[in-house]
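For reference, my_file-v2.csv (CSV, C-alpha atoms):
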```
chain,number,residue,atom,x,y,z
A,1,MET,CA,25.2,10.3,4.0
A,2,LYS,CA,21.9,9.7,5.7
A,3,ARG,CA,20.7,6.1,5.4
A,4,ARG,CA,17.0,5.5,5.3
A,5,ALA,CA,15.3,2.7,7.1
A,6,SER,CA,14.3,-0.4,5.1
A,7,SER,CA,11.0,0.0,3.3
A,8,THR,CA,9.7,-2.8,5.5
A,9,THR,CA,10.9,-1.5,8.9
A,10,GLY,CA,7.8,-1.0,10.9
A,11,SER,CA,5.5,-3.0,8.6
A,12,LYS,CA,3.1,-5.4,10.1
A,13,LEU,CA,3.2,-7.5,7.0
A,14,THR,CA,4.9,-10.5,8.7
A,15,PRO,CA,4.8,-14.3,8.7
A,16,GLU,CA,2.5,-14.0,11.7
A,17,THR,CA,-0.1,-11.8,9.9
A,18,THR,CA,0.1,-13.5,6.5
A,19,VAL,CA,-0.5,-16.9,5.1
A,20,VAL,CA,0.6,-18.5,1.8
A,21,ARG,CA,-1.7,-21.1,0.2
A,22,GLU,CA,-0.9,-23.2,-2.8
A,23,SER,CA,-3.3,-22.8,-5.7
A,24,PRO,CA,-3.5,-24.4,-9.1
A,25,THR,CA,-1.6,-21.4,-10.6
A,26,GLY,CA,1.1,-21.2,-7.9
A,27,SER,CA,1.2,-19.6,-4.5
A,28,ASP,CA,-1.2,-17.0,-3.0
A,29,LEU,CA,-0.4,-14.7,-0.2
A,30,TYR,CA,-3.2,-13.5,2.0
A,31,LEU,CA,-3.5,-11.4,5.2
A,32,ARG,CA,-4.8,-13.6,7.9
A,33,PRO,CA,-8.4,-12.4,8.5
A,34,GLU,CA,-7.8,-11.8,12.2
A,35,HIS,CA,-5.0,-9.4,11.4
A,36,PHE,CA,-6.5,-7.8,8.3
A,37,ALA,CA,-7.9,-4.7,10.0
A,38,GLU,CA,-4.8,-4.0,12.0
A,39,VAL,CA,-2.5,-4.3,9.1
A,40,TYR,CA,-4.5,-3.0,6.2
A,41,ALA,CA,-7.7,-1.2,7.3
A,42,ALA,CA,-7.3,0.0,10.8
A,43,ASP,CA,-9.5,3.1,10.3
A,44,LEU,CA,-12.4,1.4,8.7
A,45,ASP,CA,-15.6,0.2,10.4
A,46,PRO,CA,-14.8,-3.3,11.7
A,47,ARG,CA,-17.7,-4.8,9.6
A,48,VAL,CA,-16.3,-3.3,6.4
A,49,ALA,CA,-12.8,-4.5,7.3
A,50,ALA,CA,-14.2,-8.0,7.9
A,51,VAL,CA,-15.9,-8.1,4.5
A,52,MET,CA,-12.7,-6.9,2.9
A,53,ALA,CA,-10.7,-9.6,4.7
A,54,ALA,CA,-13.2,-12.3,3.6
A,55,SER,CA,-13.1,-11.1,-0.1
A,56,GLN,CA,-9.4,-10.1,-0.4
A,57,HIS,CA,-7.6,-11.0,-3.6
A,58,PRO,CA,-4.2,-12.7,-3.0
A,59,ILE,CA,-0.9,-11.7,-4.5
A,60,ASP,CA,1.7,-14.2,-5.7
A,61,PRO,CA,4.6,-13.9,-3.1
A,62,ALA,CA,7.1,-14.0,-6.0
A,63,ALA,CA,5.8,-10.6,-7.1
A,64,LEU,CA,7.3,-9.0,-4.0
A,65,ASN,CA,10.8,-9.8,-5.2
A,66,GLU,CA,10.4,-8.9,-8.8
A,67,THR,CA,12.5,-6.1,-10.4
A,68,PHE,CA,11.8,-3.8,-13.2
A,69,THR,CA,14.5,-3.4,-15.9
A,70,GLY,CA,13.0,-0.6,-18.0
A,71,THR,CA,13.0,3.1,-17.3
A,72,ALA,CA,10.5,4.0,-14.7
A,73,THR,CA,7.7,6.2,-16.1
A,74,TRP,CA,7.9,8.6,-13.2
A,75,ARG,CA,11.3,9.7,-14.5
A,76,SER,CA,9.6,11.4,-17.5
A,77,LEU,CA,5.9,12.0,-16.5
A,78,PRO,CA,4.3,13.9,-13.7
A,79,SER,CA,3.1,11.8,-10.8
A,80,TRP,CA,1.0,12.1,-7.7
A,81,ALA,CA,1.1,10.2,-4.4
A,82,LEU,CA,-1.4,9.8,-1.6
A,83,VAL,CA,0.7,9.0,1.4
A,84,SER,CA,-1.1,7.4,4.3
A,85,THR,CA,0.4,8.4,7.6
A,86,ALA,CA,-1.1,5.6,9.7
A,87,ASP,CA,-0.1,2.8,7.3
A,88,HIS,CA,0.9,-0.5,8.9
A,89,SER,CA,1.5,-2.3,5.6
A,90,ILE,CA,4.0,0.1,4.0
A,91,PRO,CA,5.5,2.4,6.6
A,92,THR,CA,4.9,6.1,6.0
A,93,GLU,CA,8.6,6.8,5.8
A,94,ALA,CA,8.9,4.4,2.8
A,95,LEU,CA,5.9,5.9,1.1
A,96,ARG,CA,7.3,9.4,1.5
A,97,HIS,CA,10.7,8.2,0.2
A,98,MET,CA,9.2,6.6,-2.9
A,99,ALA,CA,7.0,9.7,-3.6
A,100,GLU,CA,9.9,12.1,-3.1
A,101,ARG,CA,12.2,10.0,-5.3
A,102,ALA,CA,9.6,10.1,-8.1
A,103,GLY,CA,9.2,13.9,-7.7
A,104,SER,CA,5.5,13.3,-7.0
A,105,LYS,CA,3.0,15.9,-5.9
A,106,ILE,CA,2.4,14.5,-2.4
A,107,VAL,CA,-0.8,14.7,-0.4
A,108,GLU,CA,-0.7,13.2,3.1
A,109,VAL,CA,-3.7,11.7,4.7
A,110,ASP,CA,-4.2,10.3,8.2
A,111,SER,CA,-5.3,6.9,7.1
A,112,ALA,CA,-4.3,3.2,7.1
A,113,HIS,CA,-3.3,1.4,3.9
A,114,ALA,CA,-6.9,1.1,2.6
A,115,VAL,CA,-6.9,4.9,2.1
A,116,PRO,CA,-9.2,4.8,-1.0
A,117,VAL,CA,-11.9,3.1,1.0
A,118,ALA,CA,-11.3,5.1,4.2
A,119,ARG,CA,-10.8,8.5,2.6
A,120,PRO,CA,-12.6,8.4,-0.8
A,121,ALA,CA,-13.0,12.2,-1.1
A,122,GLU,CA,-9.3,12.9,-0.7
A,123,THR,CA,-8.5,10.0,-3.1
A,124,ALA,CA,-10.9,11.4,-5.7
A,125,ASP,CA,-9.5,15.0,-5.2
A,126,LEU,CA,-6.0,13.7,-5.9
A,127,ILE,CA,-7.2,11.8,-9.0
A,128,ALA,CA,-9.1,14.9,-10.3
A,129,ALA,CA,-6.0,17.1,-9.8
A,130,ALA,CA,-3.9,14.6,-11.7
A,131,ALA,CA,-6.4,14.4,-14.5
A,132,ALA,CA,-6.7,18.2,-14.8
A,133,LEU,CA,-3.1,18.5,-15.8
```
Kindly transcribe the structure held in the file into structure tokens.
Amino acid sequence: MKRRASSTTGSKLTPETTVVRESPTGSDLYLRPEHFAEVYAADLDPRVAAVMAASQHPIDPAALNETFTGTATWRSLPSWALVSTADHSIPTEALRHMAERAGSKIVEVDSAHAVPVARPAETADLIAAAAAL
């Protein structure tokens, strides 16, 4: 049986590229601004990536360990996946695995993680194809 790599193998989301700050509502995980482009938006104009880094919305680190106990919707509904092949946040192998497991119609794009910003036409085309079903 072929074992797949961990979904984080190859990810540049590491303690060195992220920072957790306490907030009134708990903890907030951010990408460090100096690593934002490399990890999340490597194919964007550096000025755009800098604005995105300065305005990023954090995630509660606890969300990264949450599980879902219900039945996944992709088991009964059609799904589409835009797989970014130059992603340094979620490795391409992991993106492909999740999309294949879901039986998604897969479109691959040479882009970093911020694919909707870097490749808006391809993103819009995928959404239009899904909406046309």
Nearest residue to A:Pro58 out of A:Asp28, A:Glu122, A:Glu16, A:Asp43, using only C-alpha atoms?
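Closest candidate: A:Asp28.
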Using all atoms listed in the file for the distances, tell me which of A:Ser104, A:Thr25, A:Thr17, A:Ser111 is nearest to A:Pro78.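 For A:Pro78, the nearest of the candidates is A:Ser104.
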| task | Identify, on the basis of all atoms listed in the file, every residue whose closest approach to A:Met98 does not exceed 10 Å; exclude the query and any residue fewer than 4 positions from it along the same chain; express the result as a PyMOL selection string. | result | chain A and resi 7+81+83+92-94+102-104
Q | Coordinates-based distance that separates atom CA of A:Ala124 from atom CA of A:Glu34 (Å, one decimal) | A |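 So the two atoms, atom CA of A:Glu34 and atom CA of A:Ala124, lie 29.5 Å apart.
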Min atom-atom distance to A:Ala86 from the set A:Asp125, A:Asp45, A:Glu108, A:Glu100, counting only C-alpha atoms, belongs to A:Glu108
Using only C-alpha atoms, the shortest atom-to-atom distance to A:Ala62 among A:Leu126, A:Leu31, A:Val20, A:Leu82 belongs to A:Val20
query = Between A:Ser89, A:Ser79, A:Thr67, A:Ser84, which is the closest to A:Thr9 once you count only C-alpha atoms?
reply =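 Distance minimum relative to A:Thr9 lands on A:Ser89.
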Q. Taking into account all atoms listed in the file, which residue in the set A:Arg21, A:Leu95, A:Ala41, A:Thr85 is nearest to A:Ile59?
A.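 Of all the options, A:Arg21 lies closest to A:Ile59.
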**Request:** Have a look at atom CA of A:Met52 and atom CA of A:Val107 and let me know their distance in Å, one decimal.
**Result:**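 Distance reported for this atom pair: 24.9 Å.
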Taken to one decimal, the atom CA of A:Ala112-atom CA of A:Glu38 distance is 8.7 Å
request  = Tell me which protein, DNA and RNA residues are within 12 Å of A:His35, counting only C-alpha atoms, leaving out same-chain ones fewer than 3 positions away, and put them as a PyMOL selection string.
outcome  = chain A and resi 12-19+30-32+38-42+46+49-50+52-54+88-89
N, CA and C atoms modelled onto stretch 107-125 of chain A, as a CSV table (one decimal), in the coordinates of the input:
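This is the output file part14.csv:
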```csv
chain,number,residue,atom,x,y,z
A,107,VAL,N,0.3,14.3,-1.3
A,107,VAL,CA,-0.8,14.7,-0.4
A,107,VAL,C,-0.8,13.6,0.7
A,108,GLU,N,-0.7,14.1,1.9
A,108,GLU,CA,-0.7,13.2,3.1
A,108,GLU,C,-2.0,13.1,3.7
A,109,VAL,N,-2.4,11.9,4.1
A,109,VAL,CA,-3.7,11.7,4.7
A,109,VAL,C,-3.6,10.8,5.9
A,110,ASP,N,-4.2,11.1,7.0
A,110,ASP,CA,-4.2,10.3,8.2
A,110,ASP,C,-5.1,9.1,8.0
A,111,SER,N,-4.5,8.0,7.5
A,111,SER,CA,-5.3,6.9,7.1
A,111,SER,C,-4.4,5.6,7.1
A,112,ALA,N,-5.0,4.5,7.2
A,112,ALA,CA,-4.3,3.2,7.1
A,112,ALA,C,-4.1,2.9,5.6
A,113,HIS,N,-3.6,1.7,5.2
A,113,HIS,CA,-3.3,1.4,3.9
A,113,HIS,C,-4.5,1.4,2.9
A,114,ALA,N,-5.7,1.1,3.4
A,114,ALA,CA,-6.9,1.1,2.6
A,114,ALA,C,-7.4,2.5,2.4
A,115,VAL,N,-6.5,3.4,2.1
A,115,VAL,CA,-6.9,4.9,2.1
A,115,VAL,C,-8.0,5.2,1.0
A,116,PRO,N,-8.1,4.5,-0.1
A,116,PRO,CA,-9.2,4.8,-1.0
A,116,PRO,C,-10.6,4.5,-0.5
A,117,VAL,N,-10.6,3.5,0.4
A,117,VAL,CA,-11.9,3.1,1.0
A,117,VAL,C,-12.2,4.1,2.2
A,118,ALA,N,-11.1,4.3,3.0
A,118,ALA,CA,-11.3,5.1,4.2
A,118,ALA,C,-11.4,6.6,3.9
A,119,ARG,N,-10.8,7.1,2.9
A,119,ARG,CA,-10.8,8.5,2.6
A,119,ARG,C,-11.1,8.7,1.1
A,120,PRO,N,-12.3,8.4,0.7
A,120,PRO,CA,-12.6,8.4,-0.8
A,120,PRO,C,-12.6,9.9,-1.3
A,121,ALA,N,-13.0,10.8,-0.6
A,121,ALA,CA,-13.0,12.2,-1.1
A,121,ALA,C,-11.6,12.7,-1.4
A,122,GLU,N,-10.7,12.4,-0.4
A,122,GLU,CA,-9.3,12.9,-0.7
A,122,GLU,C,-8.7,12.1,-1.8
A,123,THR,N,-9.0,10.8,-2.0
A,123,THR,CA,-8.5,10.0,-3.1
A,123,THR,C,-9.0,10.6,-4.4
A,124,ALA,N,-10.3,10.9,-4.5
A,124,ALA,CA,-10.9,11.4,-5.7
A,124,ALA,C,-10.4,12.8,-6.0
A,125,ASP,N,-10.1,13.6,-5.0
A,125,ASP,CA,-9.5,15.0,-5.2
A,125,ASP,C,-8.2,14.8,-5.9
```
